[in-house]
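Undergrad: Got a file for you: model-v1.txt, compact mmCIF, C-alpha atoms and all ligand atoms.
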```
# COMPACT_ATOMS: atom_id res chain seq x y z
CA MET A 10 3.68 5.79 -0.42
CA ALA A 11 2.90 3.40 -3.30
CA CYS A 12 3.16 4.99 -6.72
CA ALA A 13 3.64 4.07 -10.36
CA ASP A 14 4.51 5.97 -13.53
CA VAL A 15 1.39 4.65 -15.25
CA PHE A 16 -1.77 3.06 -13.87
CA ILE A 17 -4.23 1.36 -16.24
CA THR A 18 -7.74 0.41 -15.12
CA LEU A 19 -9.40 -2.56 -16.84
CA LEU A 20 -13.17 -2.19 -17.17
CA ILE A 21 -16.09 -4.37 -17.99
CA ASP A 22 -17.70 -2.10 -20.58
CA PHE A 23 -21.24 -2.97 -21.54
CA ASN A 24 -21.99 0.74 -21.99
CA ARG A 25 -20.31 0.62 -25.40
CA THR A 26 -22.12 -2.55 -26.42
CA ALA A 27 -25.46 -1.13 -25.19
CA TYR A 28 -25.04 1.79 -27.58
CA ALA A 29 -24.10 -0.54 -30.43
CA VAL A 30 -27.13 -2.77 -29.71
CA SER A 31 -29.45 0.26 -29.49
CA ARG A 32 -28.43 1.33 -33.00
CA GLY A 33 -30.31 -1.76 -34.19
CA ASP A 34 -33.37 -0.64 -32.22
CA ALA A 35 -32.86 -3.46 -29.69
CA GLN A 36 -32.21 -3.47 -25.94
CA GLN A 37 -29.19 -5.10 -24.35
CA ILE A 38 -29.62 -7.24 -21.23
CA VAL A 39 -26.22 -8.94 -21.01
CA GLU A 40 -25.26 -6.96 -17.87
CA GLN A 41 -28.27 -8.50 -16.12
CA ALA A 42 -26.95 -12.05 -16.29
CA ALA A 43 -24.23 -13.96 -14.42
CA GLU A 44 -22.68 -14.81 -17.80
CA GLY A 45 -22.29 -11.10 -18.58
CA ILE A 46 -20.34 -10.46 -15.38
CA ILE A 47 -18.21 -13.56 -15.90
CA VAL A 48 -17.43 -12.89 -19.57
CA GLY A 49 -16.69 -9.21 -18.85
CA SER A 50 -14.27 -10.15 -16.05
CA PHE A 51 -12.70 -12.88 -18.15
CA ASP A 52 -12.11 -10.55 -21.10
CA ALA A 53 -10.61 -7.92 -18.80
CA GLY A 54 -8.19 -10.59 -17.53
CA ILE A 55 -7.17 -11.49 -21.08
CA MET A 56 -6.58 -7.81 -21.82
CA LEU A 57 -4.56 -7.43 -18.60
CA ASN A 58 -2.35 -10.32 -19.62
CA ALA A 59 -1.83 -8.89 -23.13
CA LEU A 60 -0.94 -5.47 -21.71
CA GLN A 61 1.47 -6.97 -19.18
CA THR A 62 3.16 -9.09 -21.86
CA ALA A 63 3.58 -6.02 -24.07
CA THR A 64 4.87 -3.99 -21.10
CA ILE A 65 7.47 -6.59 -20.16
CA SER A 66 8.53 -7.02 -23.80
CA LEU A 67 9.37 -3.31 -23.86
CA GLY A 68 11.58 -3.71 -20.77
CA TYR A 69 9.29 -2.16 -18.18
CA GLY A 70 7.94 -3.61 -14.93
CA THR A 71 4.26 -4.20 -14.17
CA THR A 72 2.08 -5.42 -11.31
CA ALA A 73 -1.55 -6.52 -11.54
CA ILE A 74 -3.71 -4.68 -9.01
CA GLY A 75 -6.86 -6.43 -7.81
CA GLY A 76 -6.93 -4.08 -4.81
CA ILE A 77 -9.04 -1.52 -6.68
CA ARG A 78 -12.03 -3.73 -5.81
CA TYR A 79 -11.66 -2.80 -2.14
CA TYR A 80 -13.25 0.56 -2.98
CA PRO A 81 -14.87 0.16 -6.41
CA GLU A 82 -17.18 3.12 -5.80
CA LYS A 83 -14.15 5.43 -5.56
CA MET A 84 -12.91 4.20 -8.94
CA VAL A 85 -16.39 4.80 -10.38
CA ARG A 86 -16.31 8.39 -9.10
CA LEU A 87 -12.68 9.07 -10.03
CA LEU A 88 -13.07 7.85 -13.61
CA GLU A 89 -16.70 9.04 -13.98
CA LEU A 90 -17.74 5.56 -15.04
CA PRO A 91 -21.25 5.36 -16.51
CA ALA A 92 -23.82 2.64 -15.82
CA LYS A 93 -23.05 -0.77 -17.33
CA THR A 94 -19.31 -0.34 -16.72
CA TYR A 95 -17.26 -1.76 -13.84
CA PRO A 96 -13.61 -1.40 -12.72
CA ILE A 97 -12.44 -4.99 -12.51
CA ALA A 98 -8.67 -4.69 -12.06
CA GLY A 99 -5.74 -2.38 -12.55
CA MET A 100 -2.11 -2.64 -13.52
CA THR A 101 0.96 -0.54 -12.95
CA ILE A 102 3.73 0.21 -15.41
CA GLY A 103 7.07 1.51 -14.27
CA VAL A 104 10.81 1.46 -14.73
CA ILE A 105 12.33 -1.57 -13.04
CA ASP A 106 14.62 -0.87 -10.07
CA ARG A 107 17.37 -3.29 -11.04
CA ASP A 108 19.19 -2.79 -7.72
CA HIS A 109 16.27 -4.39 -5.87
CA LEU A 110 15.18 -7.26 -8.07
CA PRO A 111 13.37 -10.03 -6.16
CA LYS A 112 14.58 -13.60 -6.46
CA THR A 113 12.44 -15.91 -8.59
CA LYS A 114 9.78 -17.34 -6.32
CA PRO A 115 8.95 -21.06 -6.47
CA ARG A 116 5.58 -21.88 -8.06
CA VAL A 117 2.81 -24.32 -7.27
CA PRO A 118 3.93 -27.63 -8.90
CA VAL A 119 2.57 -27.78 -12.45
CA GLU A 120 1.36 -31.39 -12.08
CA SER A 121 -1.01 -30.26 -9.32
CA PHE A 122 -3.05 -28.09 -11.70
CA ALA A 123 -2.29 -29.22 -15.26
CA MET A 124 -4.14 -32.54 -15.51
CA ARG A 125 -4.84 -35.06 -18.24
CA GLU A 126 -8.37 -36.24 -19.00
CA ARG A 127 -9.82 -35.72 -15.50
CA TYR A 128 -9.40 -33.75 -12.28
CA ASP A 129 -7.22 -35.49 -9.67
CA SER A 130 -7.82 -34.20 -6.11
CA GLN A 131 -4.91 -36.22 -4.72
CA LYS A 132 -2.48 -34.42 -7.05
CA VAL A 133 -3.90 -31.13 -5.82
CA LYS A 134 -3.28 -32.08 -2.18
CA ASP A 135 0.21 -33.41 -2.91
CA GLY A 136 1.04 -30.18 -4.75
CA VAL A 137 -0.14 -28.02 -1.87
CA ASP A 138 1.89 -30.07 0.65
CA THR A 139 5.00 -29.85 -1.54
CA TYR A 140 4.61 -26.14 -2.26
CA ASP A 141 4.07 -25.36 1.42
CA ARG A 142 7.47 -26.90 2.20
CA GLN A 143 9.18 -25.26 -0.78
CA LEU A 144 7.84 -21.78 -0.05
CA ARG A 145 8.67 -22.05 3.66
CA ALA A 146 12.27 -22.95 2.79
CA TRP A 147 12.46 -20.15 0.20
CA TRP A 148 11.37 -17.46 2.67
CA ASP A 149 13.59 -18.87 5.45
CA ASN A 150 16.64 -18.90 3.16
CA GLN A 151 16.23 -15.16 2.72
CA GLY A 152 15.86 -14.55 6.46
CA LEU A 153 12.15 -13.78 5.99
CA GLU A 154 10.83 -16.19 8.63
CA LYS A 155 7.81 -13.97 9.29
CA MET A 156 6.48 -14.39 5.73
CA LYS A 157 3.66 -16.89 5.62
CA SER A 158 3.80 -20.04 3.55
CA TYR A 159 1.15 -20.95 0.97
CA SER A 160 -1.56 -22.50 3.19
CA ALA A 161 -1.17 -19.94 5.95
CA SER A 162 -1.37 -17.00 3.56
CA LEU A 163 -4.45 -18.46 1.84
CA ALA A 164 -6.03 -19.03 5.25
CA GLU A 165 -5.50 -15.34 5.93
CA THR A 166 -7.07 -14.09 2.70
CA TYR A 167 -9.68 -16.73 1.85
CA THR A 168 -11.45 -16.85 5.21
CA THR A 169 -12.83 -13.33 5.14
CA ASN A 170 -14.73 -11.44 2.45
CA ARG A 171 -12.44 -8.45 2.21
CA TYR A 172 -14.00 -7.28 -1.06
CA TYR A 173 -17.41 -6.86 0.48
CA LYS A 174 -18.42 -3.83 -1.63
CA ILE A 175 -18.34 -5.61 -4.98
CA ALA A 176 -21.93 -6.89 -5.03
CA SER A 177 -23.46 -3.55 -4.03
CA THR A 178 -21.35 -1.50 -6.44
CA LEU A 179 -22.09 -3.93 -9.28
CA ALA A 180 -25.80 -3.38 -8.57
CA ASP A 181 -25.27 0.40 -8.44
CA GLN A 182 -23.71 0.21 -11.92
CA GLY A 183 -26.70 -1.69 -13.30
CA PHE A 184 -25.36 -5.25 -13.15
CA ILE A 185 -27.44 -8.17 -11.90
CA PHE A 186 -25.89 -11.56 -11.10
CA LYS A 187 -28.59 -14.05 -12.03
C1 LIG B 1 -4.87 -10.98 -10.26
C2 LIG B 1 -3.78 -10.32 -9.43
C3 LIG B 1 -4.10 -9.26 -8.61
C4 LIG B 1 -3.09 -8.62 -7.86
N1 LIG B 1 -3.40 -7.56 -7.06
C5 LIG B 1 -2.43 -6.89 -6.39
C6 LIG B 1 -2.73 -5.76 -5.59
O1 LIG B 1 -3.87 -5.35 -5.47
N2 LIG B 1 -1.71 -5.12 -4.97
C7 LIG B 1 -0.41 -5.56 -5.10
O2 LIG B 1 0.48 -4.94 -4.50
N3 LIG B 1 -0.10 -6.62 -5.85
C8 LIG B 1 -1.07 -7.31 -6.50
N4 LIG B 1 -0.76 -8.38 -7.26
C9 LIG B 1 0.65 -8.77 -7.41
C10 LIG B 1 1.02 -9.89 -6.45
O3 LIG B 1 0.84 -9.48 -5.13
C11 LIG B 1 2.48 -10.27 -6.67
O4 LIG B 1 3.30 -9.19 -6.46
C12 LIG B 1 2.72 -10.77 -8.05
O5 LIG B 1 1.73 -11.71 -8.39
C13 LIG B 1 4.12 -11.40 -8.15
O6 LIG B 1 4.40 -12.14 -7.01
P1 LIG B 1 4.33 -13.72 -6.96
O7 LIG B 1 5.63 -14.16 -7.49
O8 LIG B 1 4.14 -14.02 -5.51
O9 LIG B 1 3.14 -14.13 -7.78
C14 LIG B 1 -1.75 -9.06 -7.98
C15 LIG B 1 -1.45 -10.15 -8.81
C16 LIG B 1 -2.44 -10.76 -9.54
C17 LIG B 1 -2.07 -11.91 -10.45
```
Translate the structure of the given file into structure tokens.
Ligand SMILES: Cc1cc2nc3c(=O)[nH]c(=O)nc-3n(C[C@H](O)[C@H](O)[C@H](O)COP(=O)(O)O)c2cc1C

TA:
Amino acid sequence: MACADVFITLLIDFNRTAYAVSRGDAQQIVEQAAEGIIVGSFDAGIMLNALQTATISLGYGTTAIGGIRYYPEKMVRLLELPAKTYPIAGMTIGVIDRDHLPKTKPRVPVESFAMRERYDSQKVKDGVDTYDRQLRAWWDNQGLEKMKSYSASLAETYTTNRYYKIASTLADQGFIFK
């Protein structure tokens, strides 16, 4: 069973702003625009990062959890979320098990995503090719031959829409992507 000492849910919260706007006798429409959904998600990501940095600085462990978007409607029910709010991500906080620390995993080469002046598709391809080899070797060195390398694991997750309830639950919460 997966468990954590603390679980924090990051919300888009345009319920609070709607109340603030209504105090000026105006009506908010930000949740009915693509920009509203993007800016709400973006801000939740910034908050997630700040919380994770603070957590780690205090010596605890943390994992971002995007998996709450598999069943967003259950999070809405569990947390009694009102209209104009949406559960965008979660994060765990716990005490690190120092007897089972993972080794530092190699990362996608920085030059394949940090570019100067303009986007370079060849650098992207070179980075993917390099990282595929590096990650394969990293798993194999640990005897984890069954673990998929970068391209294969992306092909597994990015070829199906596993989060198929997001659009309908956003609509249920009063959001419109337009
Ligand atoms: C945006 C985001 C969402 C994630 N969602 C989940 C999740 O739903 N469940 C989970 O077990 N780990 C989740 N993770 C953690 C990753 O699976 C992984 O453990 C973490 O990024 C560290 O591993 P890495 O070195 O491969 O990046 C998420 C990570 C990120 C950045």

Undergrad: Do you know which residues are within 10 Å of ligand LIG 1 (chain B) using only C-alpha atoms and all ligand atoms? Can you write them as a PyMOL selection string?

TA: chain A and resi 11+54+57-58+71-79+97-101+111-116+159

Undergrad: For atom CA of Thr178 of chain A and atom CA of Ala43 of chain A, quote the distance in Å rounded to one decimal.

TA: 15.1 Å

Undergrad: Grab the atom CA of Glu120 of chain A to atom CA of Gln143 of chain A distance for me, in Å with one decimal place.

TA: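 These atoms are spaced 15.0 Å apart.
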
Undergrad: Atom CA of Lys134 of chain A and atom CA of Ile47 of chain A are how many Å apart?

TA: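 If I compute the distance from atom CA of Lys134 of chain A to atom CA of Ile47 of chain A, I get 27.5 Å.
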
Undergrad: Which residue gives the smallest distance to Asn24 of chain A among A:Ala92, A:Leu60, A:Ala42, A:Cys12, with only C-alpha atoms counted?

TA: A:Ala92

Undergrad: Excluding Thr26 of chain A and its own-chain neighbours fewer than 5 positions away, which residues fall within 12 Å of it when counting only C-alpha atoms? Please give them as a list in words.

TA: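 The filter keeps Ile21, Ser31, Arg32, Gly33, Ala35, Gln36, Gln37, Ile38, Val39, Glu40, Gly45, Gly49, Ala92, Lys93 and Thr94 of chain A.
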
Undergrad: Taking only C-alpha atoms into account, which of A:Met84, A:Ala29, A:Leu67, A:Ile102 comes nearest Ile17 of chain A?

TA: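 Smallest separation from Ile17 of chain A among the options: A:Ile102.
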
Undergrad: Which one of A:Leu144, A:Leu20, A:Gly70, A:Asp108 sits closest to Phe51 of chain A if you count only C-alpha atoms?

TA: A:Leu20

Undergrad: Give me the box for segment 89-107 of chain A as JSON, namely the centre and edge lengths in Å to one decimal of a box along x, y and z that holds every listed atom plus 8 Å on each side.

TA:
```
{"center_x": -3.2, "center_y": 2.0, "center_z": -13.7, "size_x": 57.2, "size_y": 30.0, "size_z": 23.3}
```

Undergrad: Using only C-alpha atoms, which protein or nucleic acid residues come within 12 Å of segment 161-164 of chain A? Drop anything in the same chain fewer than 3 positions from it, and give the result as a VMD selection string.

TA: chain A and resid 137 to 138 140 to 142 144 to 145 155 to 158 167 to 170

Undergrad: Create the file for the chosen residues now, containing C-alpha atoms and written as an mmCIF file, keeping the file's coordinate frame.

TA:
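Writing the result to out.cif gives the following:
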```cif
data_model
loop_
_atom_site.group_PDB
_atom_site.id
_atom_site.type_symbol
_atom_site.label_atom_id
_atom_site.label_comp_id
_atom_site.auth_asym_id
_atom_site.auth_seq_id
_atom_site.Cartn_x
_atom_site.Cartn_y
_atom_site.Cartn_z
ATOM 1 C CA VAL A 137 -0.140 -28.020 -1.870
ATOM 2 C CA ASP A 138 1.890 -30.070 0.650
ATOM 3 C CA TYR A 140 4.610 -26.140 -2.260
ATOM 4 C CA ASP A 141 4.070 -25.360 1.420
ATOM 5 C CA ARG A 142 7.470 -26.900 2.200
ATOM 6 C CA LEU A 144 7.840 -21.780 -0.050
ATOM 7 C CA ARG A 145 8.670 -22.050 3.660
ATOM 8 C CA LYS A 155 7.810 -13.970 9.290
ATOM 9 C CA MET A 156 6.480 -14.390 5.730
ATOM 10 C CA LYS A 157 3.660 -16.890 5.620
ATOM 11 C CA SER A 158 3.800 -20.040 3.550
ATOM 12 C CA TYR A 167 -9.680 -16.730 1.850
ATOM 13 C CA THR A 168 -11.450 -16.850 5.210
ATOM 14 C CA THR A 169 -12.830 -13.330 5.140
ATOM 15 C CA ASN A 170 -14.730 -11.440 2.450
#
```

Undergrad: Which one of A:Leu90, A:Ala53, A:Asp14, A:Tyr69 sits closest to Gln182 of chain A if you count only C-alpha atoms?

TA: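 When distances to Gln182 of chain A are compared using only C-alpha atoms, the smallest one comes from A:Leu90.
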
Undergrad: Which of these residues is nearest to Lys174 of chain A, using only C-alpha atoms: A:Arg25, A:Lys83, A:Lys187, A:Lys132?

TA: A:Lys83
